[in-house]
$ cat my_file-v4.cif   # mmCIF, C-alpha atoms and all ligand atoms
data_target
loop_
_atom_site.group_PDB
_atom_site.id
_atom_site.type_symbol
_atom_site.label_atom_id
_atom_site.label_comp_id
_atom_site.auth_asym_id
_atom_site.auth_seq_id
_atom_site.Cartn_x
_atom_site.Cartn_y
_atom_site.Cartn_z
ATOM 1 C CA MET A 49 -30.585 -6.268 1.801
ATOM 2 C CA GLN A 50 -32.880 -8.228 3.956
ATOM 3 C CA GLY A 51 -31.069 -10.393 6.412
ATOM 4 C CA LEU A 52 -28.061 -8.056 6.778
ATOM 5 C CA THR A 53 -28.508 -7.388 10.387
ATOM 6 C CA SER A 54 -27.625 -8.788 13.707
ATOM 7 C CA LEU A 55 -26.828 -12.261 13.259
ATOM 8 C CA PRO A 56 -27.767 -15.595 13.778
ATOM 9 C CA PRO A 57 -25.838 -17.366 15.021
ATOM 10 C CA ALA A 58 -1.884 -12.654 8.382
ATOM 11 C CA ARG A 59 4.510 -7.419 2.448
ATOM 12 C CA GLN A 60 6.939 -7.925 0.402
ATOM 13 C CA ALA A 61 7.924 -4.315 -0.387
ATOM 14 C CA ALA A 62 8.446 -5.042 -4.055
ATOM 15 C CA CYS A 63 5.534 -4.783 -6.414
ATOM 16 C CA CYS A 64 4.717 -7.376 -9.004
ATOM 17 C CA PRO A 65 2.081 -7.902 -11.651
ATOM 18 C CA VAL A 66 -1.280 -9.035 -10.492
ATOM 19 C CA THR A 67 -1.268 -12.792 -10.191
ATOM 20 C CA THR A 68 -4.074 -14.901 -11.490
ATOM 21 C CA VAL A 69 -5.349 -17.199 -8.840
ATOM 22 C CA SER A 70 -5.651 -20.811 -9.764
ATOM 23 C CA SER A 71 -5.692 -24.079 -7.953
ATOM 24 C CA SER A 72 -2.170 -24.720 -9.262
ATOM 25 C CA SER A 73 -0.882 -21.490 -7.782
ATOM 26 C CA SER A 74 2.724 -21.721 -6.546
ATOM 27 C CA CYS A 75 2.023 -19.618 -3.485
ATOM 28 C CA SER A 76 3.652 -20.880 -0.336
ATOM 29 C CA TRP A 77 1.460 -21.785 2.554
ATOM 30 C CA ARG A 78 2.044 -22.734 6.097
ATOM 31 C CA SER A 79 -0.142 -23.561 8.986
ATOM 32 C CA ARG A 80 0.585 -22.449 12.496
ATOM 33 C CA GLY A 81 -0.254 -25.971 13.440
ATOM 34 C CA ARG A 82 -2.901 -28.003 15.107
ATOM 35 C CA GLY A 83 -6.091 -26.171 15.343
ATOM 36 C CA ARG A 84 -4.651 -23.100 13.745
ATOM 37 C CA VAL A 85 -5.747 -23.905 10.299
ATOM 38 C CA ALA A 86 -6.518 -20.354 11.016
ATOM 39 C CA GLY A 87 -2.865 -19.456 10.712
ATOM 40 C CA ARG A 88 -2.039 -20.364 7.149
ATOM 41 C CA ARG A 89 0.484 -17.918 5.712
ATOM 42 C CA ARG A 90 0.804 -16.803 2.168
ATOM 43 C CA VAL A 91 3.570 -14.771 0.551
ATOM 44 C CA PHE A 92 1.939 -13.072 -2.352
ATOM 45 C CA PRO A 93 3.188 -9.594 -3.245
ATOM 46 C CA ALA A 94 0.615 -6.867 -3.631
ATOM 47 C CA VAL A 95 0.141 -4.822 -6.732
ATOM 48 C CA SER A 96 1.359 -1.616 -5.118
ATOM 49 C CA ALA A 97 2.965 -0.678 -1.839
ATOM 50 C CA ALA A 98 -0.215 1.118 -0.800
ATOM 51 C CA THR A 99 -2.626 -1.669 -1.677
ATOM 52 C CA ALA A 100 -2.707 -4.715 0.547
ATOM 53 C CA ILE A 101 -5.500 -6.638 -1.156
ATOM 54 C CA GLU A 102 -6.655 -6.291 -4.730
ATOM 55 C CA VAL A 103 -9.304 -8.450 -6.311
ATOM 56 C CA ARG A 104 -10.402 -7.883 -9.896
ATOM 57 C CA ASP A 105 -13.418 -9.350 -11.610
ATOM 58 C CA LEU A 106 -13.308 -12.492 -9.528
ATOM 59 C CA SER A 107 -15.890 -15.159 -10.193
ATOM 60 C CA PHE A 108 -16.247 -18.512 -8.549
ATOM 61 C CA SER A 109 -18.654 -21.353 -9.127
ATOM 62 C CA ALA A 110 -19.091 -24.528 -7.131
ATOM 63 C CA THR A 111 -20.483 -27.833 -8.304
ATOM 64 C CA GLY A 112 -23.347 -28.940 -6.115
ATOM 65 C CA ARG A 113 -24.228 -32.485 -5.091
ATOM 66 C CA ASN A 114 -26.497 -32.842 -8.073
ATOM 67 C CA GLY A 115 -23.664 -31.934 -10.443
ATOM 68 C CA ARG A 116 -25.092 -28.512 -11.170
ATOM 69 C CA VAL A 117 -22.655 -25.617 -11.343
ATOM 70 C CA VAL A 118 -23.708 -22.895 -8.927
ATOM 71 C CA PRO A 119 -22.305 -19.389 -9.330
ATOM 72 C CA ILE A 120 -21.258 -18.027 -5.914
ATOM 73 C CA LEU A 121 -19.002 -15.048 -6.665
ATOM 74 C CA ARG A 122 -19.855 -12.874 -9.620
ATOM 75 C CA ASP A 123 -17.313 -10.359 -10.988
ATOM 76 C CA CYS A 124 -16.183 -9.203 -7.561
ATOM 77 C CA SER A 125 -13.630 -6.393 -7.439
ATOM 78 C CA LEU A 126 -12.231 -4.751 -4.328
ATOM 79 C CA GLN A 127 -9.164 -3.033 -2.942
ATOM 80 C CA VAL A 128 -8.044 -2.732 0.661
ATOM 81 C CA PRO A 129 -5.276 -0.185 1.320
ATOM 82 C CA ALA A 130 -2.378 -1.078 3.608
ATOM 83 C CA GLY A 131 -2.917 0.089 7.167
ATOM 84 C CA GLN A 132 -6.702 0.040 7.003
ATOM 85 C CA LEU A 133 -9.557 -2.033 8.335
ATOM 86 C CA TRP A 134 -12.295 -2.820 5.828
ATOM 87 C CA MET A 135 -15.389 -4.837 6.422
ATOM 88 C CA LEU A 136 -17.320 -7.192 4.209
ATOM 89 C CA LEU A 137 -21.046 -7.126 4.940
ATOM 90 C CA GLY A 138 -23.948 -8.962 3.477
ATOM 91 C CA PRO A 139 -26.828 -11.272 4.172
ATOM 92 C CA ASN A 140 -26.427 -14.936 4.945
ATOM 93 C CA GLY A 141 -25.213 -16.969 2.002
ATOM 94 C CA CYS A 142 -24.281 -14.003 -0.214
ATOM 95 C CA GLY A 143 -20.666 -15.222 -0.551
ATOM 96 C CA LYS A 144 -18.657 -13.279 2.060
ATOM 97 C CA SER A 145 -16.741 -16.236 3.468
ATOM 98 C CA THR A 146 -16.157 -17.638 0.003
ATOM 99 C CA LEU A 147 -14.658 -14.334 -1.114
ATOM 100 C CA LEU A 148 -12.404 -14.270 1.926
ATOM 101 C CA ARG A 149 -11.279 -17.830 1.303
ATOM 102 C CA VAL A 150 -10.410 -17.231 -2.320
ATOM 103 C CA HIS A 151 -7.882 -14.765 -0.915
ATOM 104 C CA SER A 152 -6.527 -17.318 1.392
ATOM 105 C CA SER A 153 -6.651 -20.982 2.214
ATOM 106 C CA SER A 154 -9.163 -22.680 0.049
ATOM 107 C CA VAL A 155 -7.090 -22.750 -3.103
ATOM 108 C CA LEU A 156 -4.797 -25.003 -1.070
ATOM 109 C CA ALA A 157 -7.712 -27.019 0.164
ATOM 110 C CA GLY A 158 -8.764 -27.585 -3.441
ATOM 111 C CA LEU A 159 -12.240 -26.383 -2.593
ATOM 112 C CA LEU A 160 -12.151 -23.143 -4.483
ATOM 113 C CA ASN A 161 -11.148 -22.896 -8.094
ATOM 114 C CA PRO A 162 -11.872 -19.385 -9.219
ATOM 115 C CA THR A 163 -13.610 -19.376 -12.542
ATOM 116 C CA SER A 164 -12.035 -16.099 -13.591
ATOM 117 C CA GLY A 165 -10.442 -12.950 -12.259
ATOM 118 C CA THR A 166 -7.321 -11.990 -10.378
ATOM 119 C CA VAL A 167 -6.320 -11.752 -6.728
ATOM 120 C CA CYS A 168 -3.268 -9.998 -5.319
ATOM 121 C CA VAL A 169 -2.676 -10.098 -1.576
ATOM 122 C CA ASP A 170 0.221 -8.683 0.395
ATOM 123 C CA GLY A 171 2.105 -11.243 2.461
ATOM 124 C CA PRO A 172 2.459 -12.762 4.845
ATOM 125 C CA THR A 173 -1.256 -13.207 5.340
ATOM 126 C CA SER A 174 -3.057 -14.705 8.317
ATOM 127 C CA PHE A 175 -6.540 -16.060 8.416
ATOM 128 C CA VAL A 176 -8.468 -16.244 11.660
ATOM 129 C CA PHE A 177 -11.755 -18.079 11.923
ATOM 130 C CA GLN A 178 -14.696 -17.543 14.174
ATOM 131 C CA ASN A 179 -14.323 -20.386 16.673
ATOM 132 C CA PRO A 180 -12.048 -19.110 19.468
ATOM 133 C CA ASP A 181 -11.256 -22.618 20.623
ATOM 134 C CA HIS A 182 -9.660 -23.375 17.272
ATOM 135 C CA GLN A 183 -7.300 -20.394 17.489
ATOM 136 C CA VAL A 184 -4.953 -21.191 20.325
ATOM 137 C CA VAL A 185 -2.640 -24.202 20.361
ATOM 138 C CA MET A 186 -0.113 -23.755 23.197
ATOM 139 C CA PRO A 187 -0.493 -23.880 26.984
ATOM 140 C CA THR A 188 0.250 -20.232 27.732
ATOM 141 C CA VAL A 189 -0.397 -16.962 25.982
ATOM 142 C CA GLU A 190 3.339 -16.296 25.649
ATOM 143 C CA ALA A 191 4.030 -19.729 24.145
ATOM 144 C CA ASP A 192 1.092 -19.445 21.796
ATOM 145 C CA VAL A 193 2.104 -16.080 20.384
ATOM 146 C CA ALA A 194 5.708 -17.326 20.022
ATOM 147 C CA PHE A 195 4.530 -20.539 18.374
ATOM 148 C CA GLY A 196 5.023 -19.424 14.763
ATOM 149 C CA LEU A 197 8.364 -17.691 15.335
ATOM 150 C CA GLY A 198 10.523 -20.826 15.238
ATOM 151 C CA LYS A 199 11.000 -20.457 11.507
ATOM 152 C CA PHE A 200 12.619 -17.036 11.785
ATOM 153 C CA ASN A 201 15.828 -18.090 13.563
ATOM 154 C CA LEU A 202 15.396 -15.329 16.128
ATOM 155 C CA THR A 203 17.275 -14.927 19.387
ATOM 156 C CA ALA A 204 15.315 -15.444 22.593
ATOM 157 C CA LYS A 205 15.458 -11.704 23.155
ATOM 158 C CA GLU A 206 14.024 -11.020 19.704
ATOM 159 C CA VAL A 207 11.234 -13.525 20.298
ATOM 160 C CA ARG A 208 10.335 -11.869 23.583
ATOM 161 C CA TYR A 209 10.358 -8.468 21.902
ATOM 162 C CA ARG A 210 8.003 -9.613 19.146
ATOM 163 C CA VAL A 211 5.675 -11.439 21.510
ATOM 164 C CA ARG A 212 5.388 -8.499 23.864
ATOM 165 C CA GLY A 213 4.910 -6.009 21.032
ATOM 166 C CA ALA A 214 2.169 -8.137 19.470
ATOM 167 C CA LEU A 215 0.370 -8.660 22.761
ATOM 168 C CA ASP A 216 0.598 -4.959 23.418
ATOM 169 C CA SER A 217 -1.123 -4.250 20.066
ATOM 170 C CA VAL A 218 -4.087 -6.373 21.020
ATOM 171 C CA GLY A 219 -4.252 -5.174 24.617
ATOM 172 C CA MET A 220 -3.198 -8.512 26.110
ATOM 173 C CA SER A 221 0.261 -7.727 27.592
ATOM 174 C CA LYS A 222 -0.732 -8.489 31.113
ATOM 175 C CA TYR A 223 -1.840 -12.010 30.119
ATOM 176 C CA LEU A 224 1.668 -13.105 29.019
ATOM 177 C CA LYS A 225 1.997 -15.982 31.480
ATOM 178 C CA ILE A 226 -1.664 -16.899 31.646
ATOM 179 C CA PRO A 227 -2.832 -20.399 30.613
ATOM 180 C CA VAL A 228 -4.825 -20.123 27.379
ATOM 181 C CA GLN A 229 -7.648 -22.276 28.678
ATOM 182 C CA THR A 230 -8.520 -19.592 31.219
ATOM 183 C CA LEU A 231 -9.106 -16.968 28.519
ATOM 184 C CA SER A 232 -12.455 -15.849 27.234
ATOM 185 C CA GLY A 233 -13.342 -16.453 23.592
ATOM 186 C CA GLY A 234 -12.483 -12.898 22.608
ATOM 187 C CA GLN A 235 -9.166 -13.032 24.463
ATOM 188 C CA LYS A 236 -8.306 -16.202 22.527
ATOM 189 C CA GLN A 237 -9.122 -14.395 19.294
ATOM 190 C CA ARG A 238 -6.833 -11.534 20.369
ATOM 191 C CA VAL A 239 -4.025 -14.000 21.158
ATOM 192 C CA ALA A 240 -4.470 -15.542 17.694
ATOM 193 C CA ILE A 241 -4.221 -12.080 16.135
ATOM 194 C CA ALA A 242 -1.125 -11.368 18.260
ATOM 195 C CA GLY A 243 0.424 -14.584 16.874
ATOM 196 C CA ALA A 244 -0.107 -13.260 13.366
ATOM 197 C CA LEU A 245 1.296 -9.840 14.268
ATOM 198 C CA ALA A 246 4.362 -11.419 15.910
ATOM 199 C CA GLU A 247 5.061 -13.090 12.577
ATOM 200 C CA ALA A 248 4.880 -9.661 10.931
ATOM 201 C CA CYS A 249 1.821 -10.481 8.907
ATOM 202 C CA LYS A 250 0.702 -7.783 6.504
ATOM 203 C CA VAL A 251 -2.858 -8.892 5.942
ATOM 204 C CA LEU A 252 -5.384 -10.191 8.439
ATOM 205 C CA LEU A 253 -8.362 -12.027 7.006
ATOM 206 C CA LEU A 254 -10.947 -12.294 9.747
ATOM 207 C CA ASP A 255 -14.074 -14.353 9.286
ATOM 208 C CA GLU A 256 -16.868 -13.479 11.659
ATOM 209 C CA LEU A 257 -14.670 -13.453 14.749
ATOM 210 C CA THR A 258 -17.352 -11.986 16.955
ATOM 211 C CA THR A 259 -20.128 -14.429 16.148
ATOM 212 C CA PHE A 260 -19.751 -16.435 19.357
ATOM 213 C CA LEU A 261 -18.654 -13.565 21.605
ATOM 214 C CA ASP A 262 -20.473 -11.537 24.200
ATOM 215 C CA GLU A 263 -20.561 -7.772 23.767
ATOM 216 C CA THR A 264 -17.496 -7.051 25.903
ATOM 217 C CA ASP A 265 -15.399 -9.601 24.054
ATOM 218 C CA GLN A 266 -16.789 -8.429 20.725
ATOM 219 C CA ILE A 267 -15.678 -4.871 21.380
ATOM 220 C CA GLY A 268 -12.315 -6.075 22.728
ATOM 221 C CA VAL A 269 -11.582 -7.973 19.510
ATOM 222 C CA ILE A 270 -12.628 -5.234 17.130
ATOM 223 C CA LYS A 271 -10.625 -2.645 19.068
ATOM 224 C CA ALA A 272 -7.620 -4.987 18.984
ATOM 225 C CA VAL A 273 -7.889 -5.225 15.202
ATOM 226 C CA ARG A 274 -8.403 -1.478 14.926
ATOM 227 C CA ASN A 275 -5.279 -0.901 17.024
ATOM 228 C CA SER A 276 -3.302 -3.461 15.009
ATOM 229 C CA VAL A 277 -3.958 -1.721 11.712
ATOM 230 C CA ALA A 278 -3.097 1.626 13.300
ATOM 231 C CA GLY A 279 0.403 0.383 14.170
ATOM 232 C CA PRO A 280 3.621 1.107 12.263
ATOM 233 C CA GLY A 281 3.554 -2.235 10.387
ATOM 234 C CA GLY A 282 0.946 -1.135 7.851
ATOM 235 C CA VAL A 283 -1.203 -4.191 8.507
ATOM 236 C CA ALA A 284 -4.464 -4.332 6.587
ATOM 237 C CA ALA A 285 -7.517 -6.220 7.768
ATOM 238 C CA LEU A 286 -10.570 -7.515 5.967
ATOM 239 C CA TRP A 287 -13.281 -8.328 8.469
ATOM 240 C CA VAL A 288 -16.345 -10.324 7.543
ATOM 241 C CA THR A 289 -19.309 -9.579 9.745
ATOM 242 C CA HIS A 290 -23.042 -9.513 9.996
ATOM 243 C CA ARG A 291 -22.924 -7.044 12.839
ATOM 244 C CA LEU A 292 -23.721 -3.615 11.565
ATOM 245 C CA GLU A 293 -22.743 -1.963 14.822
ATOM 246 C CA GLU A 294 -19.114 -2.927 14.055
ATOM 247 C CA LEU A 295 -19.101 -0.709 10.966
ATOM 248 C CA LYS A 296 -18.117 2.366 12.973
ATOM 249 C CA TYR A 297 -14.681 0.835 13.587
ATOM 250 C CA ALA A 298 -13.982 0.405 9.845
ATOM 251 C CA ASP A 299 -12.137 2.654 7.385
ATOM 252 C CA GLY A 300 -14.510 1.358 4.781
ATOM 253 C CA ALA A 301 -16.726 -1.509 3.838
ATOM 254 C CA PHE A 302 -18.004 -3.589 0.950
ATOM 255 C CA CYS A 303 -21.587 -4.752 0.757
ATOM 256 C CA MET A 304 -22.325 -8.010 -0.988
ATOM 257 C CA GLU A 305 -25.566 -9.355 -2.318
ATOM 258 C CA ASP A 306 -25.983 -12.580 -4.185
ATOM 259 C CA GLY A 307 -22.278 -13.009 -4.948
ATOM 260 C CA ARG A 308 -21.720 -9.423 -6.079
ATOM 261 C CA ILE A 309 -20.176 -6.363 -4.460
ATOM 262 C CA VAL A 310 -23.024 -3.935 -4.718
ATOM 263 C CA MET A 311 -21.590 -1.020 -2.754
ATOM 264 C CA GLN A 312 -18.285 0.119 -1.311
ATOM 265 C CA GLY A 313 -17.276 3.219 0.560
ATOM 266 C CA ASP A 314 -16.458 4.723 3.897
ATOM 267 C CA ALA A 315 -18.421 3.659 6.909
ATOM 268 C CA SER A 316 -20.938 6.474 6.793
ATOM 269 C CA SER A 317 -21.628 5.987 3.049
ATOM 270 C CA ILE A 318 -22.257 2.338 3.729
ATOM 271 C CA ALA A 319 -24.497 3.201 6.650
ATOM 272 C CA ASN A 320 -26.533 5.548 4.405
ATOM 273 C CA PHE A 321 -26.734 2.887 1.725
ATOM 274 C CA LEU A 322 -28.065 0.379 4.208
ATOM 275 C CA ARG A 323 -30.522 2.875 5.642
ATOM 276 C CA GLN A 324 -31.896 3.488 2.159
ATOM 277 C CA LYS A 325 -32.308 -0.221 1.817
ATOM 278 C CA GLN A 326 -34.172 -0.185 5.075
ATOM 279 C CA VAL A 327 -31.984 -2.796 6.657
ATOM 280 C CA PRO A 328 -33.357 -3.308 10.136
ATOM 281 C CA HIS A 329 -31.545 -2.406 13.376
ATOM 282 C CA LEU A 330 -29.626 0.551 11.940
ATOM 283 C CA ASP A 331 -27.945 1.940 15.002
ATOM 284 C CA PHE A 332 -24.380 2.512 13.829
ATOM 285 C CA GLY A 333 -23.514 5.100 16.424
ATOM 286 C CA PHE A 334 -22.651 7.757 13.786
HETATM 287 N N1 LIG A 401 -17.927 -25.560 -2.098
HETATM 288 C C1 LIG A 401 -19.219 -25.171 -2.211
HETATM 289 N N2 LIG A 401 -20.096 -25.913 -2.922
HETATM 290 C C2 LIG A 401 -21.377 -25.538 -3.079
HETATM 291 N N3 LIG A 401 -21.904 -24.421 -2.562
HETATM 292 C C3 LIG A 401 -21.093 -23.648 -1.823
HETATM 293 C C4 LIG A 401 -19.708 -23.979 -1.605
HETATM 294 N N4 LIG A 401 -19.157 -22.995 -0.852
HETATM 295 C C5 LIG A 401 -20.162 -22.118 -0.593
HETATM 296 N N5 LIG A 401 -21.318 -22.516 -1.172
HETATM 297 C C6 LIG A 401 -22.601 -21.802 -1.152
HETATM 298 O O1 LIG A 401 -22.333 -20.474 -1.584
HETATM 299 C C7 LIG A 401 -23.122 -19.547 -0.863
HETATM 300 C C8 LIG A 401 -22.254 -18.533 -0.194
HETATM 301 O O2 LIG A 401 -21.630 -19.140 0.959
HETATM 302 P P1 LIG A 401 -20.739 -18.292 1.963
HETATM 303 O O3 LIG A 401 -20.432 -19.168 3.122
HETATM 304 O O4 LIG A 401 -19.595 -17.681 1.212
HETATM 305 O O5 LIG A 401 -21.778 -17.158 2.375
HETATM 306 P P2 LIG A 401 -21.684 -16.101 3.544
HETATM 307 O O6 LIG A 401 -22.132 -14.795 2.966
HETATM 308 O O7 LIG A 401 -20.337 -16.138 4.193
HETATM 309 O O8 LIG A 401 -22.803 -16.674 4.499
HETATM 310 P P3 LIG A 401 -22.927 -16.595 6.100
HETATM 311 O O9 LIG A 401 -23.032 -15.153 6.429
HETATM 312 O O10 LIG A 401 -24.161 -17.337 6.366
HETATM 313 O O11 LIG A 401 -21.703 -17.239 6.707
HETATM 314 C C9 LIG A 401 -23.957 -20.356 0.107
HETATM 315 O O12 LIG A 401 -25.202 -20.559 -0.492
HETATM 316 C C10 LIG A 401 -23.193 -21.653 0.242
HETATM 317 O O13 LIG A 401 -24.077 -22.702 0.496
#

$ encode --input "my_file-v4.cif" --output "structure tokens"
Amino acid sequence: MQGLTSLPPARQAACCPVTTVSSSSSCSWRSRGRGRVAGRRRVFPAVSAATAIEVRDLSFSATGRNGRVVPILRDCSLQVPAGQLWMLLGPNGCGKSTLLRVHSSSVLAGLLNPTSGTVCVDGPTSFVFQNPDHQVVMPTVEADVAFGLGKFNLTAKEVRYRVRGALDSVGMSKYLKIPVQTLSGGQKQRVAIAGALAEACKVLLLDELTTFLDETDQIGVIKAVRNSVAGPGGVAALWVTHRLEELKYADGAFCMEDGRIVMQGDASSIANFLRQKQVPHLDFGF
């Protein structure tokens, strides 16, 4: 898996049958607003109470500029249990972000029309992208985390309770009144995650959040996600990364190559798999 190394550069309790994803899906979507394309929400019951994300035999092809159909995802299947953090690893261009977006926003955007397969994702779901400056939309941390709560018809006391609880989960309680523009990139990512948690999201889809962060911020964000999935809400997270050193924070991981999931398992199995493949820079801290 050459190239898989340090990088360049949001449940319904009831179960329902697996739903086939299509561009005409009736799933409801909402954006947290300007800049938080990252905060689209989807209510899409999972196949079982213990499974937050289930993808079966998912394929996706895109039509290139020359009209040629290019296969990007090939028969991908994965499951992420509720209350766990799983990572999606793979070399540049292998399809990680595409797989994450089939779960989430791109059906709405009309960009992704899965060729075949099924996706079932617990809701509400939140999607957070890598650019920290696109994650926060309000002047203060408190206002930003409360931003999506207007729809719930909560009392002011309930809003405060949710905001504080969410900020606590991501280790940002003491920043409640702080202007968002004074935050570091990683702190902005943690505020975005707190916004999702305040809205009681069940699934966090996280696309290379640490790409632009320094090491301290990187560790702060991954620990915030780790702590969020450890909470009582049973939140599940799927974290796309190139950074192998983040694997030690995961309950498990999927490795992708050329549009396929080629390996899945707990963190140490994945580490062994990558060692056997002689992926460079294998210091996982195990
Ligand atoms: N709508 C599209 N049309 C054509 N090609 C696409 C489209 N979306 C993605 N691709 C191609 O599919 C491949 C997989 O892209 P994707 O962004 O999912 O990879 P990735 O593993 O996330 O890469 P990276 O780690 O570099 O972000 C790439 O070659 C990309 O150019």

$ atom_distance --input "my_file-v4.cif" --atom1 "CA of Pro139 (chain A)" --atom2 "atom O10 of ligand LIG 401 (chain A)"
7.0 Å

$ closest_residue --input "my_file-v4.cif" --among "A:Glu102, A:Asp262, A:Glu293, A:Glu256" --to "ligand LIG 401 (chain A)" --atoms "only C-alpha atoms and all ligand atoms"
A:Glu256

$ closest_residue --input "my_file-v4.cif" --among "A:Thr146, A:Thr188, A:Thr163, A:Ser107" --to "ligand LIG 401 (chain A)" --atoms "only C-alpha atoms and all ligand atoms"
A:Thr146

$ atom_distance --input "my_file-v4.cif" --atom1 "atom O12 of ligand LIG 401 (chain A)" --atom2 "CA of Val118 (chain A)"
8.9 Å

$ closest_atom_pairs --input "my_file-v4.cif" --of "chain A" --to "ligand LIG 401 (chain A)" --cutoff "9 Å" --atoms "all atoms listed in the file" --output "tab-separated table"
residue	atom	partner	partner_atom	distance
A:Leu52	CA	A:LIG401	O9	8.7
A:Leu55	CA	A:LIG401	O9	8.3
A:Pro56	CA	A:LIG401	O10	8.4
A:Pro57	CA	A:LIG401	O10	8.8
A:Ser109	CA	A:LIG401	N2	7.8
A:Ala110	CA	A:LIG401	N2	4.5
A:Thr111	CA	A:LIG401	N2	5.7
A:Gly112	CA	A:LIG401	C2	5.0
A:Arg113	CA	A:LIG401	C2	7.8
A:Val117	CA	A:LIG401	C2	8.4
A:Val118	CA	A:LIG401	N3	6.8
A:Pro119	CA	A:LIG401	O1	7.8
A:Ile120	CA	A:LIG401	O1	5.1
A:Leu121	CA	A:LIG401	C8	8.0
A:Leu137	CA	A:LIG401	O6	8.0
A:Gly138	CA	A:LIG401	O6	6.1
A:Pro139	CA	A:LIG401	O9	5.9
A:Asn140	CA	A:LIG401	O10	3.6
A:Gly141	CA	A:LIG401	O5	3.5
A:Cys142	CA	A:LIG401	O6	3.9
A:Gly143	CA	A:LIG401	O4	3.2
A:Lys144	CA	A:LIG401	O6	3.9
A:Ser145	CA	A:LIG401	O7	3.7
A:Thr146	CA	A:LIG401	O4	3.6
A:Leu147	CA	A:LIG401	O4	6.4
A:Leu148	CA	A:LIG401	O4	8.0
A:Arg149	CA	A:LIG401	O4	8.3
A:Leu159	CA	A:LIG401	N1	5.8
A:Leu160	CA	A:LIG401	N1	6.7
A:Asp255	CA	A:LIG401	O7	8.3
A:Glu256	CA	A:LIG401	O11	7.9
A:Val288	CA	A:LIG401	O7	7.8
A:Thr289	CA	A:LIG401	O9	7.5
A:His290	CA	A:LIG401	O9	6.7
A:Met304	CA	A:LIG401	O6	7.9
A:Glu305	CA	A:LIG401	O6	8.3
A:Asp306	CA	A:LIG401	C8	8.1
A:Gly307	CA	A:LIG401	C8	7.3

$ write_last_selection --input "my_file-v4.cif" --atoms "C-alpha atoms" --output "PDB file, keeping the file's coordinate frame"
ATOM      1  CA  LEU A  52     -28.061  -8.056   6.778  1.00  0.00           C
ATOM      2  CA  LEU A  55     -26.828 -12.261  13.259  1.00  0.00           C
ATOM      3  CA  PRO A  56     -27.767 -15.595  13.778  1.00  0.00           C
ATOM      4  CA  PRO A  57     -25.838 -17.366  15.021  1.00  0.00           C
ATOM      5  CA  SER A 109     -18.654 -21.353  -9.127  1.00  0.00           C
ATOM      6  CA  ALA A 110     -19.091 -24.528  -7.131  1.00  0.00           C
ATOM      7  CA  THR A 111     -20.483 -27.833  -8.304  1.00  0.00           C
ATOM      8  CA  GLY A 112     -23.347 -28.940  -6.115  1.00  0.00           C
ATOM      9  CA  ARG A 113     -24.228 -32.485  -5.091  1.00  0.00           C
ATOM     10  CA  VAL A 117     -22.655 -25.617 -11.343  1.00  0.00           C
ATOM     11  CA  VAL A 118     -23.708 -22.895  -8.927  1.00  0.00           C
ATOM     12  CA  PRO A 119     -22.305 -19.389  -9.330  1.00  0.00           C
ATOM     13  CA  ILE A 120     -21.258 -18.027  -5.914  1.00  0.00           C
ATOM     14  CA  LEU A 121     -19.002 -15.048  -6.665  1.00  0.00           C
ATOM     15  CA  LEU A 137     -21.046  -7.126   4.940  1.00  0.00           C
ATOM     16  CA  GLY A 138     -23.948  -8.962   3.477  1.00  0.00           C
ATOM     17  CA  PRO A 139     -26.828 -11.272   4.172  1.00  0.00           C
ATOM     18  CA  ASN A 140     -26.427 -14.936   4.945  1.00  0.00           C
ATOM     19  CA  GLY A 141     -25.213 -16.969   2.002  1.00  0.00           C
ATOM     20  CA  CYS A 142     -24.281 -14.003  -0.214  1.00  0.00           C
ATOM     21  CA  GLY A 143     -20.666 -15.222  -0.551  1.00  0.00           C
ATOM     22  CA  LYS A 144     -18.657 -13.279   2.060  1.00  0.00           C
ATOM     23  CA  SER A 145     -16.741 -16.236   3.468  1.00  0.00           C
ATOM     24  CA  THR A 146     -16.157 -17.638   0.003  1.00  0.00           C
ATOM     25  CA  LEU A 147     -14.658 -14.334  -1.114  1.00  0.00           C
ATOM     26  CA  LEU A 148     -12.404 -14.270   1.926  1.00  0.00           C
ATOM     27  CA  ARG A 149     -11.279 -17.830   1.303  1.00  0.00           C
ATOM     28  CA  LEU A 159     -12.240 -26.383  -2.593  1.00  0.00           C
ATOM     29  CA  LEU A 160     -12.151 -23.143  -4.483  1.00  0.00           C
ATOM     30  CA  ASP A 255     -14.074 -14.353   9.286  1.00  0.00           C
ATOM     31  CA  GLU A 256     -16.868 -13.479  11.659  1.00  0.00           C
ATOM     32  CA  VAL A 288     -16.345 -10.324   7.543  1.00  0.00           C
ATOM     33  CA  THR A 289     -19.309  -9.579   9.745  1.00  0.00           C
ATOM     34  CA  HIS A 290     -23.042  -9.513   9.996  1.00  0.00           C
ATOM     35  CA  MET A 304     -22.325  -8.010  -0.988  1.00  0.00           C
ATOM     36  CA  GLU A 305     -25.566  -9.355  -2.318  1.00  0.00           C
ATOM     37  CA  ASP A 306     -25.983 -12.580  -4.185  1.00  0.00           C
ATOM     38  CA  GLY A 307     -22.278 -13.009  -4.948  1.00  0.00           C
TER      39      GLY A 307
END

$ atom_distance --input "my_file-v4.cif" --atom1 "CA of Ala242 (chain A)" --atom2 "CA of Cys303 (chain A)"
27.7 Å

$ residues_around --input "my_file-v4.cif" --residues "Leu295 (chain A)" --least-positions-apart "3" --cutoff "8 Å" --atoms "all atoms listed in the file" --output "VMD selection string"
chain A and resid 135 291 to 292 298 300 to 301 315 319 332

$ closest_residue --input "my_file-v4.cif" --among "A:Ser221, A:Ser317, A:Ser174, A:Asn275" --to "Tyr297 (chain A)" --atoms "only C-alpha atoms"
A:Asn275
